[in-house]
There are 2 protein chains.
Amino acid sequence: MSTARASGGGGETRTAGAAANRARLITAARAAFAEQGYVAASMDELTASVGLTRGALYHGFGDKKGLLAAVIDQIDGEMSAKLARAREAAPDPWAGLIEEGVAYIRMALDPEVQRIMLLDGPAVLGDPSTWPGEQACLDLTIQSLARLRDDGVIRPVDIEAAARLFNGAALNAALWVAAAQDPGAVLHRAIEAFRTLAEGLLVSR
Amino acid sequence: MSTARASGGGGETRTAGAAANRARLITAARAAFAEQGYVAASMDELTASVGLTRGALYHGFGDKKGLLAAVIDQIDGEMSAKLARAREAAPDPWAGLIEEGVAYIRMALDPEVQRIMLLDGPAVLGDPSTWPGEQACLDLTIQSLARLRDDGVIRPVDIEAAARLFNGAALNAALWVAAAQDPGAVLHRAIEAFRTLAEGLLVSR
DNA sequence: GGCATTACATACGCCGCGTATGTCGACCAT
DNA sequence: ATGGTCGACATACGCGGCGTATGTAATGCC
């Protein structure tokens, strides 16, 4: 057991381990997709940069889109974890919802998130709401809203519809911040406007 | 003056007129980009479908992205006109703002708008807020909001920030409707939630 | 009526993806 | 220990698509 055993039971240990090579490809792809964009990123260069060839890529991920899907899945997991922490750190459910949106806006400052999750991802893989990670994120927002409605905090609106608009407003605020020449200053304005708009859901304010 | 004179003063009238060929290319591109997507659309097939070659394309539009930009500009103009009419048909400024957003949501039912304006466009040409047409659209929303603020209808928020979030919420509602299996039913839910959220801006409701 | 310009068509080279095929090591049963 | 199977890649090939350089007919200008 020199190089780490995989879970299932297959054999590995060629030069660095199959799972390790997979992880290295995903890491390299995150950087390449973020810096050059999906279409401009060459799979020849990418695989060569980690000492492999395109054969490894098509064996492990099927095709170029498969690699993008793997990258998106990884980033999505990291984002979901951050959102959950932001929500749980808030004093009450309503503040949790707001802080979740604010955290989302902040994440869009990351060039990787901008390019991969908000620009190329939807264009290549289609509607983000069908991605497993995004679906899970939306479900969390729906649960938060449902509880707030049951507690009488927000008005009796269509929960799923409100969740989608809520996330959408945060997403667009994020895009605005990301494209600004002075993201730091714009970030504050976006967050304040987001809070104001969100209060449209409240029963009383 | 048999085939229509151009404005500037160049010469044309080869087979159908230069401006006419340009328009035919844009029309064909709208269909091709909407049905196959930007990357999958072949410029050889597209130009051949209107009886030309790729030479005409690179002469008139520079490159493939230039053709997409021309298509987007045309669609953008049509959308702006529709939005303006929706706003002007409303009884008061606040209703005008809401109706503008609702009209935007309805437009996203068009597959051309979905694919070209919301998916491929941003991925290929970058942030939509830098496009001339979108910028004009945002300016109109900003003017509407500024008037409503001066009239004391909405709360004293950051106007540009509110305009961006407002349009963003409408855009995401549009994407949701577009991806739904039953767009007609979802459309109503999206519009209602949009109205509720927008009321967060109002001074009193 | 020469001359420059417009508006294309034609020909060429390059790159990038996907796939088919080969190879080397690891496990597995006997 | 050994023949067979499988996994994890590398290598070789073909195809299509983009951009560009070059050629050419029609047109406007003087």
# chains A, B, ... in the order shown; residues from 1 in each chain; ligands from 1
$ interface_residues --of "chain C" --to "chain A" --cutoff "8 Å" --atoms "only C-alpha atoms (C1' of nucleotides)" --output "VMD selection string"
chain C and resid 16 18 25 to 27
$ interface_residues --of "chain B" --to "chain A" --cutoff "10 Å" --atoms "only C-alpha atoms" --output "PyMOL selection string"
chain B and resi 37-39+115-116+118-124+126-130+155-179+186-202+205
$ closest_atom_pairs --of "chain D" --to "chain A" --cutoff "12 Å" --atoms "only C-alpha atoms (C1' of nucleotides)" --output "JSON lines"
{"residue": "D:DC6", "atom": "C1'", "partner": "A:Gly10", "partner_atom": "CA", "distance": 9.1}
{"residue": "D:DG7", "atom": "C1'", "partner": "A:Gly11", "partner_atom": "CA", "distance": 7.1}
{"residue": "D:DA8", "atom": "C1'", "partner": "A:Ala18", "partner_atom": "CA", "distance": 7.4}
{"residue": "D:DC9", "atom": "C1'", "partner": "A:Ala56", "partner_atom": "CA", "distance": 5.6}
{"residue": "D:DA10", "atom": "C1'", "partner": "A:Gly55", "partner_atom": "CA", "distance": 6.6}
{"residue": "D:DT11", "atom": "C1'", "partner": "A:Gly55", "partner_atom": "CA", "distance": 8.8}
{"residue": "D:DA12", "atom": "C1'", "partner": "A:Gly55", "partner_atom": "CA", "distance": 11.6}
$ residues_around --residues "segment 10-14 of chain C" --least-positions-apart "2" --cutoff "10 Å" --atoms "only C-alpha atoms (C1' of nucleotides)" --output "VMD selection string"
(chain B and resid 53 55) or (chain C and resid 16) or (chain D and resid 18 to 24)
$ residues_around --residues "DA4 of chain C" --least-positions-apart "6" --cutoff "12 Å" --atoms "only C-alpha atoms (C1' of nucleotides)" --output "ChimeraX atom specification"
/D:27-30
$ atom_distance --atom1 "atom CA of Ile72 of chain B" --atom2 "atom CA of Leu109 of chain B"
16.5 Å
$ select_by_dssp --residues "segment 3-165 of chain B" --states "alpha helix (DSSP H)" --output "ChimeraX atom specification"
/B:18-36,43-49,54-61,64-88,93-107,111-112,121-125,132-150,159-165
$ atom_distance --atom1 "atom CA of Asp76 of chain B" --atom2 "atom CA of Leu25 of chain B"
17.1 Å
$ decode --residues "segment 38-53 of chain A" --atoms "N, CA and C atoms" --output "PDB file, in the first residue's frame"
ATOM      1  N   TYR A  38     -13.328  28.440 -22.098  1.00  0.00           N
ATOM      2  CA  TYR A  38     -13.492  27.029 -22.468  1.00  0.00           C
ATOM      3  C   TYR A  38     -13.023  26.752 -23.889  1.00  0.00           C
ATOM      4  N   VAL A  39     -13.496  27.510 -24.847  1.00  0.00           N
ATOM      5  CA  VAL A  39     -13.180  27.212 -26.249  1.00  0.00           C
ATOM      6  C   VAL A  39     -11.702  27.409 -26.552  1.00  0.00           C
ATOM      7  N   ALA A  40     -11.097  28.427 -25.956  1.00  0.00           N
ATOM      8  CA  ALA A  40      -9.708  28.740 -26.284  1.00  0.00           C
ATOM      9  C   ALA A  40      -8.731  27.782 -25.604  1.00  0.00           C
ATOM     10  N   ALA A  41      -9.174  27.094 -24.578  1.00  0.00           N
ATOM     11  CA  ALA A  41      -8.266  26.196 -23.864  1.00  0.00           C
ATOM     12  C   ALA A  41      -7.994  24.953 -24.714  1.00  0.00           C
ATOM     13  N   SER A  42      -6.733  24.705 -24.972  1.00  0.00           N
ATOM     14  CA  SER A  42      -6.337  23.543 -25.772  1.00  0.00           C
ATOM     15  C   SER A  42      -6.098  22.331 -24.879  1.00  0.00           C
ATOM     16  N   MET A  43      -6.737  21.239 -25.212  1.00  0.00           N
ATOM     17  CA  MET A  43      -6.590  20.027 -24.415  1.00  0.00           C
ATOM     18  C   MET A  43      -5.190  19.435 -24.555  1.00  0.00           C
ATOM     19  N   ASP A  44      -4.548  19.679 -25.677  1.00  0.00           N
ATOM     20  CA  ASP A  44      -3.165  19.224 -25.840  1.00  0.00           C
ATOM     21  C   ASP A  44      -2.255  19.912 -24.828  1.00  0.00           C
ATOM     22  N   GLU A  45      -2.365  21.232 -24.775  1.00  0.00           N
ATOM     23  CA  GLU A  45      -1.526  21.984 -23.845  1.00  0.00           C
ATOM     24  C   GLU A  45      -1.860  21.637 -22.402  1.00  0.00           C
ATOM     25  N   LEU A  46      -3.146  21.530 -22.124  1.00  0.00           N
ATOM     26  CA  LEU A  46      -3.570  21.268 -20.755  1.00  0.00           C
ATOM     27  C   LEU A  46      -3.021  19.942 -20.240  1.00  0.00           C
ATOM     28  N   THR A  47      -3.200  18.897 -21.016  1.00  0.00           N
ATOM     29  CA  THR A  47      -2.733  17.587 -20.565  1.00  0.00           C
ATOM     30  C   THR A  47      -1.204  17.558 -20.494  1.00  0.00           C
ATOM     31  N   ALA A  48      -0.549  18.200 -21.451  1.00  0.00           N
ATOM     32  CA  ALA A  48       0.912  18.225 -21.438  1.00  0.00           C
ATOM     33  C   ALA A  48       1.429  18.955 -20.200  1.00  0.00           C
ATOM     34  N   SER A  49       0.686  19.947 -19.735  1.00  0.00           N
ATOM     35  CA  SER A  49       1.143  20.735 -18.589  1.00  0.00           C
ATOM     36  C   SER A  49       1.215  19.905 -17.314  1.00  0.00           C
ATOM     37  N   VAL A  50       0.506  18.789 -17.287  1.00  0.00           N
ATOM     38  CA  VAL A  50       0.599  17.922 -16.110  1.00  0.00           C
ATOM     39  C   VAL A  50       1.281  16.602 -16.473  1.00  0.00           C
ATOM     40  N   GLY A  51       1.978  16.596 -17.614  1.00  0.00           N
ATOM     41  CA  GLY A  51       2.762  15.430 -17.978  1.00  0.00           C
ATOM     42  C   GLY A  51       1.967  14.261 -18.529  1.00  0.00           C
ATOM     43  N   LEU A  52       0.792  14.574 -19.128  1.00  0.00           N
ATOM     44  CA  LEU A  52      -0.022  13.509 -19.720  1.00  0.00           C
ATOM     45  C   LEU A  52      -0.328  13.852 -21.169  1.00  0.00           C
ATOM     46  N   THR A  53      -1.137  13.041 -21.803  1.00  0.00           N
ATOM     47  CA  THR A  53      -1.574  13.328 -23.172  1.00  0.00           C
ATOM     48  C   THR A  53      -3.108  13.355 -23.200  1.00  0.00           C
TER      49      THR A  53
END
